[in-house]
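query-v7.tsv follows; it contains TSV, C-alpha atoms.
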```
chain	number	residue	atom	x	y	z
E	1	MET	CA	177.71	-3.42	12.19
E	2	ARG	CA	180.15	-3.47	15.10
E	3	GLU	CA	179.14	-2.14	18.53
E	4	THR	CA	180.38	1.40	19.03
E	5	GLY	CA	181.88	0.58	22.43
E	6	ASN	CA	184.42	-1.66	20.70
E	7	LEU	CA	185.31	0.81	17.95
E	8	SER	CA	188.01	2.84	19.64
E	9	GLU	CA	190.59	0.06	19.95
E	10	PRO	CA	190.40	-1.15	16.33
E	11	ILE	CA	190.54	2.48	15.20
E	12	ARG	CA	193.68	2.96	17.28
E	13	GLN	CA	195.18	-0.14	15.69
E	14	PHE	CA	194.36	1.09	12.20
E	15	ALA	CA	195.84	4.50	13.02
E	16	THR	CA	199.03	2.77	14.19
E	17	ARG	CA	199.11	0.78	10.94
E	18	ILE	CA	198.68	3.97	8.89
E	19	ALA	CA	201.49	5.59	10.86
E	20	GLU	CA	203.74	2.65	10.04
E	21	SER	CA	202.73	1.91	6.44
E	22	GLY	CA	201.47	5.27	5.16
E	23	PRO	CA	198.16	6.29	3.53
E	24	ALA	CA	197.89	2.97	1.67
E	25	ALA	CA	196.69	1.42	4.94
E	26	LEU	CA	193.68	3.75	5.16
E	27	GLY	CA	191.33	1.19	3.55
E	28	GLY	CA	190.81	-0.77	6.76
E	29	LEU	CA	189.86	2.30	8.74
E	30	TYR	CA	187.53	3.35	5.94
E	31	ASP	CA	185.75	-0.02	5.90
E	32	LEU	CA	185.32	0.07	9.65
E	33	THR	CA	183.97	3.59	10.01
E	34	ALA	CA	182.77	5.09	6.73
E	35	THR	CA	179.13	4.00	6.91
E	36	ARG	CA	178.70	5.43	10.40
E	37	LEU	CA	180.63	8.59	9.58
E	38	VAL	CA	178.68	9.26	6.38
E	39	ARG	CA	175.28	8.85	8.01
E	40	TYR	CA	176.32	11.11	10.90
E	41	ALA	CA	177.74	13.71	8.52
E	42	THR	CA	174.57	13.52	6.42
E	43	THR	CA	172.46	14.60	9.39
E	44	LEU	CA	174.85	17.53	9.92
E	45	ALA	CA	175.45	18.64	6.35
E	46	GLY	CA	171.88	18.12	5.17
E	47	ASN	CA	172.86	16.23	2.03
E	48	GLN	CA	174.92	13.20	1.22
E	49	HIS	CA	177.30	14.89	-1.22
E	50	ASP	CA	178.63	17.35	1.36
E	51	ALA	CA	178.61	14.63	4.00
E	52	GLU	CA	180.88	12.45	1.87
E	53	ASP	CA	183.18	15.42	1.28
E	54	ALA	CA	183.39	15.99	5.03
E	55	VAL	CA	184.20	12.33	5.71
E	56	GLN	CA	186.77	12.29	2.93
E	57	SER	CA	188.51	15.40	4.23
E	58	ALA	CA	188.62	13.99	7.75
E	59	LEU	CA	190.04	10.64	6.63
E	60	VAL	CA	192.64	12.32	4.39
E	61	LYS	CA	193.76	14.33	7.43
E	62	VAL	CA	193.95	11.13	9.46
E	63	ALA	CA	196.14	9.57	6.76
E	64	ALA	CA	198.42	12.62	6.85
E	65	GLN	CA	198.71	12.69	10.65
E	66	PRO	CA	197.63	9.32	12.06
E	67	GLY	CA	199.48	9.92	15.32
E	68	ARG	CA	196.80	12.31	16.53
E	69	LEU	CA	194.06	9.71	16.15
E	70	ARG	CA	196.24	6.94	17.62
E	71	ASP	CA	197.08	9.02	20.69
E	72	ALA	CA	193.53	10.30	21.31
E	73	GLY	CA	191.84	9.11	24.50
E	74	GLN	CA	188.76	7.95	22.57
E	75	PRO	CA	189.76	7.59	18.91
E	76	TRP	CA	186.18	6.98	17.78
E	77	HIS	CA	184.90	10.16	19.40
E	78	TYR	CA	187.91	12.03	18.05
E	79	LEU	CA	187.08	10.84	14.54
E	80	LEU	CA	183.45	11.85	14.93
E	81	ARG	CA	184.58	15.30	16.08
E	82	MET	CA	186.87	15.60	13.05
E	83	VAL	CA	184.01	14.76	10.70
E	84	ARG	CA	181.72	17.19	12.54
E	85	ASN	CA	184.28	19.98	12.18
E	86	GLU	CA	184.69	19.28	8.47
E	87	ALA	CA	180.92	19.25	7.97
E	88	LEU	CA	180.58	22.57	9.79
E	89	VAL	CA	183.35	24.07	7.64
E	90	ILE	CA	181.42	23.03	4.52
E	91	LEU	CA	178.20	24.46	5.95
E	92	ARG	CA	179.91	27.77	6.75
E	93	ARG	CA	181.23	27.94	3.20
E	94	LYS	CA	177.70	27.50	1.87
E	95	LYS	CA	176.09	30.58	3.34
E	96	LEU	CA	172.79	30.13	1.58
E	97	TRP	CA	172.41	26.57	2.69
E	98	ALA	CA	168.98	25.02	2.74
E	99	PRO	CA	168.51	21.44	3.86
E	100	ILE	CA	167.13	19.05	1.30
E	101	SER	CA	163.69	17.98	2.49
E	102	ASN	CA	163.33	14.92	0.27
E	103	LEU	CA	165.68	11.93	0.22
E	104	THR	CA	166.78	12.06	-3.42
E	105	ASP	CA	170.39	12.84	-2.50
E	106	LEU	CA	170.81	9.77	-0.30
E	107	VAL	CA	172.54	6.57	-1.32
E	108	THR	CA	170.16	4.11	0.27
E	109	ARG	CA	170.21	0.41	0.90
E	110	HIS	CA	167.24	-1.59	-0.25
E	111	PHE	CA	165.99	-4.22	2.12
E	112	VAL	CA	165.01	-7.18	-0.01
E	113	ASP	CA	161.55	-8.55	0.87
E	114	ASP	CA	161.14	-5.94	3.59
E	115	ALA	CA	159.33	-3.02	2.02
E	116	GLU	CA	157.80	-2.06	5.33
E	117	ARG	CA	161.21	-1.61	6.94
E	118	GLU	CA	162.35	0.47	3.98
E	119	ASP	CA	159.28	2.70	4.25
E	120	GLU	CA	159.88	3.13	7.97
E	121	SER	CA	163.49	4.05	7.34
E	122	ARG	CA	162.49	6.65	4.77
E	123	ALA	CA	159.99	8.12	7.21
E	124	VAL	CA	162.63	8.29	9.96
E	125	TRP	CA	165.17	10.01	7.69
E	126	LYS	CA	162.58	12.51	6.53
E	127	ALA	CA	161.55	13.22	10.10
E	128	LEU	CA	165.18	13.62	11.18
E	129	ARG	CA	165.74	16.12	8.38
E	130	ARG	CA	162.88	18.23	9.65
E	131	LEU	CA	164.50	18.55	13.08
E	132	PRO	CA	166.92	21.37	13.91
E	133	ARG	CA	170.50	20.19	13.36
E	134	GLU	CA	171.33	20.52	17.09
E	135	GLN	CA	168.58	18.06	17.94
E	136	SER	CA	169.01	15.58	15.10
E	137	GLU	CA	172.72	15.11	15.77
E	138	VAL	CA	172.03	14.32	19.43
E	139	VAL	CA	169.48	11.68	18.36
E	140	VAL	CA	171.96	10.21	15.89
E	141	LEU	CA	174.79	10.06	18.41
E	142	LYS	CA	172.55	8.67	21.14
E	143	ILE	CA	170.73	6.01	19.14
E	144	TRP	CA	173.07	5.12	16.30
E	145	GLU	CA	176.35	5.53	18.15
E	146	ASP	CA	175.15	4.40	21.61
E	147	MET	CA	176.81	7.37	23.28
E	148	THR	CA	175.89	8.63	26.74
E	149	PHE	CA	174.68	12.21	27.17
E	150	GLY	CA	177.99	13.00	28.87
E	151	GLN	CA	179.94	11.73	25.86
E	152	ILE	CA	177.65	13.60	23.47
E	153	GLY	CA	178.15	16.75	25.53
E	154	ASP	CA	181.94	16.34	25.32
E	155	LEU	CA	181.77	15.85	21.57
E	156	LEU	CA	179.51	18.83	20.92
E	157	GLY	CA	181.00	21.13	23.53
E	158	ILE	CA	177.80	21.32	25.59
E	159	SER	CA	176.80	19.96	28.98
E	160	GLY	CA	175.36	16.49	29.34
E	161	SER	CA	172.06	17.90	30.60
E	162	THR	CA	171.76	20.17	27.54
E	163	ALA	CA	172.34	17.14	25.33
E	164	ALA	CA	169.65	15.25	27.28
E	165	SER	CA	167.11	18.04	26.93
E	166	ARG	CA	167.81	18.36	23.18
E	167	TYR	CA	167.26	14.64	22.92
E	168	ARG	CA	163.95	14.82	24.79
E	169	TYR	CA	162.67	17.63	22.56
E	170	ALA	CA	163.74	15.73	19.47
E	171	ILE	CA	162.12	12.46	20.55
E	172	GLU	CA	158.92	14.33	21.38
E	173	LYS	CA	158.80	15.81	17.88
E	174	LEU	CA	159.73	12.52	16.25
E	175	SER	CA	157.09	10.61	18.18
E	176	HIS	CA	154.46	12.99	16.76
E	177	ARG	CA	155.81	12.79	13.24
E	178	LEU	CA	156.37	9.04	13.21
E	179	LYS	CA	153.02	7.97	14.63
E	180	PRO	CA	151.71	5.20	12.36
E	181	SER	CA	148.85	7.36	11.10
E	182	GLU	CA	151.15	10.31	10.33
E	183	SER	CA	154.04	8.35	8.99
E	184	GLU	CA	151.76	7.24	6.23
E	185	ALA	CA	151.23	10.91	5.38
E	186	ILE	CA	154.97	11.63	5.47
E	187	ARG	CA	155.59	8.91	2.91
Q	1	MET	CA	158.11	-2.20	25.00
Q	2	SER	CA	157.26	1.47	25.76
Q	3	LYS	CA	156.32	3.96	23.09
Q	4	ASP	CA	159.70	5.71	23.34
Q	5	GLN	CA	161.56	2.42	23.17
Q	6	SER	CA	159.74	1.33	20.04
Q	7	LEU	CA	160.45	4.72	18.48
Q	8	GLU	CA	164.14	4.35	19.35
Q	9	GLU	CA	164.16	0.90	17.79
Q	10	MET	CA	162.60	2.31	14.65
Q	11	ILE	CA	165.23	5.06	14.46
Q	12	ARG	CA	168.00	2.54	15.18
Q	13	ALA	CA	166.85	0.34	12.31
Q	14	ALA	CA	166.83	3.34	9.96
Q	15	GLY	CA	170.54	3.80	10.64
Q	16	GLN	CA	171.27	0.96	8.24
Q	17	TYR	CA	169.35	2.68	5.43
Q	18	VAL	CA	172.02	5.14	4.27
Q	19	GLY	CA	175.62	4.43	3.38
Q	20	PRO	CA	178.47	5.90	1.36
Q	21	SER	CA	178.28	5.90	-2.44
Q	22	ASP	CA	180.13	3.22	-4.43
Q	23	GLU	CA	182.94	5.48	-5.62
Q	24	HIS	CA	183.52	7.19	-2.27
Q	25	ARG	CA	185.97	4.59	-0.95
Q	26	ALA	CA	188.19	4.68	-4.04
Q	27	SER	CA	188.18	8.48	-4.25
Q	28	THR	CA	189.00	8.83	-0.54
Q	29	LEU	CA	191.93	6.42	-0.75
Q	30	GLN	CA	193.19	8.08	-3.93
Q	31	ARG	CA	193.04	11.53	-2.36
Q	32	ALA	CA	194.86	10.28	0.71
Q	33	MET	CA	197.62	8.77	-1.46
Q	34	GLU	CA	197.97	11.96	-3.53
Q	35	ASN	CA	198.04	14.02	-0.37
Q	36	GLY	CA	200.77	11.72	0.99
Q	37	LYS	CA	202.85	12.21	-2.16
Q	38	ASP	CA	202.40	15.99	-1.97
Q	39	GLN	CA	203.46	15.91	1.65
Q	40	THR	CA	206.62	13.94	0.79
Q	41	ALA	CA	207.43	16.39	-2.01
Q	42	ARG	CA	206.87	19.34	0.33
Q	43	LYS	CA	209.16	17.76	2.94
Q	44	ARG	CA	211.87	17.18	0.32
Q	45	PHE	CA	211.57	20.73	-0.96
Q	46	SER	CA	211.76	22.22	2.51
Q	47	GLY	CA	214.78	19.99	3.27
Q	48	PHE	CA	216.48	21.22	0.12
Q	49	THR	CA	215.63	24.84	1.00
Q	50	ILE	CA	217.08	24.46	4.49
Q	51	ALA	CA	220.24	22.80	3.12
Q	52	PHE	CA	220.61	25.58	0.55
Q	53	ALA	CA	220.13	28.29	3.16
Q	54	LEU	CA	222.65	26.64	5.49
Q	55	SER	CA	225.24	26.33	2.73
Q	56	MET	CA	224.71	29.99	1.84
Q	57	VAL	CA	225.28	30.96	5.46
Q	58	LEU	CA	228.43	28.87	5.62
Q	59	LEU	CA	229.77	30.00	2.25
Q	60	SER	CA	229.01	33.69	2.57
Q	61	PRO	CA	232.16	34.54	4.67
Q	62	MET	CA	234.29	32.84	2.03
Q	63	VAL	CA	232.52	34.68	-0.77
Q	64	TYR	CA	232.95	37.92	1.17
Q	65	SER	CA	236.70	37.43	1.62
Q	66	LEU	CA	237.08	36.46	-2.02
Q	67	THR	CA	235.41	39.68	-3.09
Q	68	ARG	CA	237.67	41.65	-0.76
Q	69	LEU	CA	240.80	40.02	-2.16
Q	70	LYS	CA	242.94	42.44	-4.09
Q	71	LEU	CA	244.98	40.67	-6.69
Q	72	PRO	CA	248.05	42.55	-7.88
Q	73	MET	CA	247.67	44.45	-11.12
Q	74	ARG	CA	249.03	42.70	-14.16
Q	75	PRO	CA	252.13	44.55	-15.44
Q	76	SER	CA	252.15	45.63	-19.05
Q	77	GLN	CA	254.41	44.12	-21.69
Q	78	ASP	CA	256.59	47.29	-21.76
Q	79	ASP	CA	257.03	47.15	-17.96
Q	80	ILE	CA	258.18	43.53	-18.16
Q	81	GLU	CA	260.56	44.12	-21.02
Q	82	SER	CA	262.14	47.18	-19.39
Q	83	ALA	CA	262.38	45.40	-16.03
Q	84	ALA	CA	264.07	42.42	-17.79
Q	85	ALA	CA	266.51	44.76	-19.55
Q	86	ILE	CA	267.42	46.45	-16.24
Q	87	GLU	CA	267.79	43.09	-14.54
Q	88	ALA	CA	270.01	41.79	-17.36
Q	89	TRP	CA	272.14	44.94	-17.25
Q	90	LYS	CA	272.52	44.71	-13.44
Q	91	ALA	CA	273.38	41.02	-13.42
Q	92	ALA	CA	275.26	41.21	-16.72
Q	93	SER	CA	273.26	38.21	-17.90
Q	94	ASP	CA	271.23	37.18	-20.91
Q	95	PRO	CA	267.99	39.31	-21.20
Q	96	SER	CA	265.95	36.17	-22.06
Q	97	TRP	CA	267.05	34.50	-18.84
Q	98	SER	CA	266.22	37.65	-16.87
Q	99	MET	CA	262.79	37.60	-18.46
Q	100	VAL	CA	262.25	33.99	-17.25
Q	101	ARG	CA	263.29	34.87	-13.70
Q	102	LEU	CA	261.11	37.93	-13.73
Q	103	PHE	CA	258.09	35.90	-14.80
Q	104	SER	CA	258.73	33.27	-12.08
Q	105	ASP	CA	258.90	35.97	-9.40
Q	106	MET	CA	255.74	37.60	-10.70
Q	107	ARG	CA	253.76	34.32	-10.67
Q	108	GLN	CA	254.93	33.71	-7.12
Q	109	THR	CA	253.76	37.16	-6.02
Q	110	GLN	CA	250.35	36.65	-7.66
Q	111	ALA	CA	249.86	33.22	-6.08
Q	112	ASN	CA	250.64	34.22	-2.49
Q	113	PRO	CA	247.29	35.87	-1.54
Q	114	THR	CA	245.31	32.87	-2.85
Q	115	ARG	CA	247.54	30.48	-0.88
Q	116	ARG	CA	246.96	32.50	2.29
Q	117	LEU	CA	243.21	32.27	1.72
Q	118	ALA	CA	243.38	28.51	1.18
Q	119	LYS	CA	245.10	28.07	4.53
```

As structure tokens, the full file:
Amino acid sequence: MRETGNLSEPIRQFATRIAESGPAALGGLYDLTATRLVRYATTLAGNQHDAEDAVQSALVKVAAQPGRLRDAGQPWHYLLRMVRNEALVILRRKKLWAPISNLTDLVTRHFVDDAEREDESRAVWKALRRLPREQSEVVVLKIWEDMTFGQIGDLLGISGSTAASRYRYAIEKLSHRLKPSESEAIR
Amino acid sequence: MSKDQSLEEMIRAAGQYVGPSDEHRASTLQRAMENGKDQTARKRFSGFTIAFALSMVLLSPMVYSLTRLKLPMRPSQDDIESAAAIEAWKAASDPSWSMVRLFSDMRQTQANPTRRLAK
């Protein structure tokens, strides 16, 4: 998977291509970003189905108005914010929302000949789902998207120090839940 | 490697575990295409609406003046025949010829307001 620091420029190029050629050129942007967007949206929405809906809505909006993404200062962060907004809209619509505690909704990748890694991944996803959404999304943005606390703060509309403290709380909880002895129990 | 670092590595590795479903790509692209078509249709419709509204604005003064136009009343057959008889008596000419002249004059009178409007 490509480093996140390099994502903004290719996204800008894809947005320019969509602006020139129309929605048919959306495939490239999808291939570049969909995996990251879906996993981020899944931590927000609480289930993969809604997460995919959020990503789809965001990308359809990009196809309709690619100029906004092209002209954004940080197109990758702008896209993440779009997906976040869509996920929150879906969550607001579902008033009686309850996060799914198991992983049955997820479309997972199986690591051939690496059952241990797969078990670890399952334990991490389960532990992330048990965190409050505010904390899990900071962990996801920090670790999976390599964003600084300042960038996370900008994206979430909070200060960098708030993002850092949410991260610390989350890591503290995760370190308890993912201790080798306990991760066995989680599985 | 510290405890936190190894935990971060573990979380990082789990990022590869989940991905979009197989049909998600196709459905997203299809929705984007359909949305694009709808947008084009909406643009065309709004263009047509604007053109229609503009033409109505431009045509309405003409329609107004046409409705205000008072065309002369059509004379009855008796009026024409008696007028032709008087004309023939005055000019001591053939009544049929007077009738022709009378009709020519009447057509001219009826056409004048429309000609003025056309100018």

At most 6 Å is the cut-off: for each residue in chain Q with any atom that close to an atom of chain E, write down the nearest atom pair and the distance in Å rounded to one decimal, counting all atoms listed in the file, chain first then increasing number, as JSON lines.
```
{"residue": "Q:Arg12", "atom": "CA", "partner": "E:Trp144", "partner_atom": "CA", "distance": 5.8}
{"residue": "Q:Ala14", "atom": "CA", "partner": "E:Ser121", "partner_atom": "CA", "distance": 4.3}
{"residue": "Q:Tyr17", "atom": "CA", "partner": "E:Arg109", "partner_atom": "CA", "distance": 5.1}
{"residue": "Q:Val18", "atom": "CA", "partner": "E:Thr108", "partner_atom": "CA", "distance": 4.5}
{"residue": "Q:Gly19", "atom": "CA", "partner": "E:Thr35", "partner_atom": "CA", "distance": 5.0}
{"residue": "Q:Pro20", "atom": "CA", "partner": "E:Thr35", "partner_atom": "CA", "distance": 5.9}
{"residue": "Q:Ser21", "atom": "CA", "partner": "E:Val107", "partner_atom": "CA", "distance": 5.9}
{"residue": "Q:Thr28", "atom": "CA", "partner": "E:Gln56", "partner_atom": "CA", "distance": 5.4}
{"residue": "Q:Ala32", "atom": "CA", "partner": "E:Val60", "partner_atom": "CA", "distance": 4.8}
{"residue": "Q:Met33", "atom": "CA", "partner": "E:Pro23", "partner_atom": "CA", "distance": 5.6}
```

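With all atoms listed in the file as the atoms that count, the residue of E:Ala15, E:Leu32, E:Leu7, E:Leu155 with the shortest distance to E:Tyr78 is E:Leu155.
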
*Quote the spacing between atom CA of E:Pro75 and atom CA of E:Ser8 in Å to one decimal place.*
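So the two atoms, atom CA of E:Pro75 and atom CA of E:Ser8, lie 5.1 Å apart.
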
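Taking atom CA of E:Ile18 and atom CA of Q:Thr49 as endpoints, the distance between them is 28.0 Å.
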
*atom CA of E:His176 and atom CA of Q:Gln5, how far apart in Å?*
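Spanning atom CA of Q:Gln5 to atom CA of E:His176 is a straight-line distance of 14.3 Å.
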
*Find the residues near Q:Leu102: any atom within 8 Å, counting all atoms listed in the file, skip ones fewer than 5 places away on the same chain, and give them as a PyMOL selection string.*
chain Q and resi 80+83-84

Dump of C-alpha atoms for the selected residues, as a CSV table (one decimal), keeping the file's coordinate frame:
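Below you can see out_24.csv, which holds the result:
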```
chain,number,residue,atom,x,y,z
Q,80,ILE,CA,258.2,43.5,-18.2
Q,83,ALA,CA,262.4,45.4,-16.0
Q,84,ALA,CA,264.1,42.4,-17.8
```

Please write out, as AutoDock Vina command-line options, where the centre of an axis-aligned box around all listed atoms of stretch 51-61 of chain Q lies and how long its edges are, in Å to one decimal, after adding 5 Å on each side.
```
--center_x 226.1 --center_y 28.7 --center_z 3.1 --size_x 22.0 --size_y 21.7 --size_z 15.1
```

_Exercise: E:Thr43 partners within 7 Å, all atoms listed in the file, chain neighbours under 2 positions left out, as a count of residues only_ = 8

*Could you give me, as a ChimeraX atom specification, the residues within 10 Å of E:Ile152, counting all atoms listed in the file and dropping anything in the same chain fewer than 3 positions from it?*
/E:77,137-139,141-142,145-149,155-160,162-164
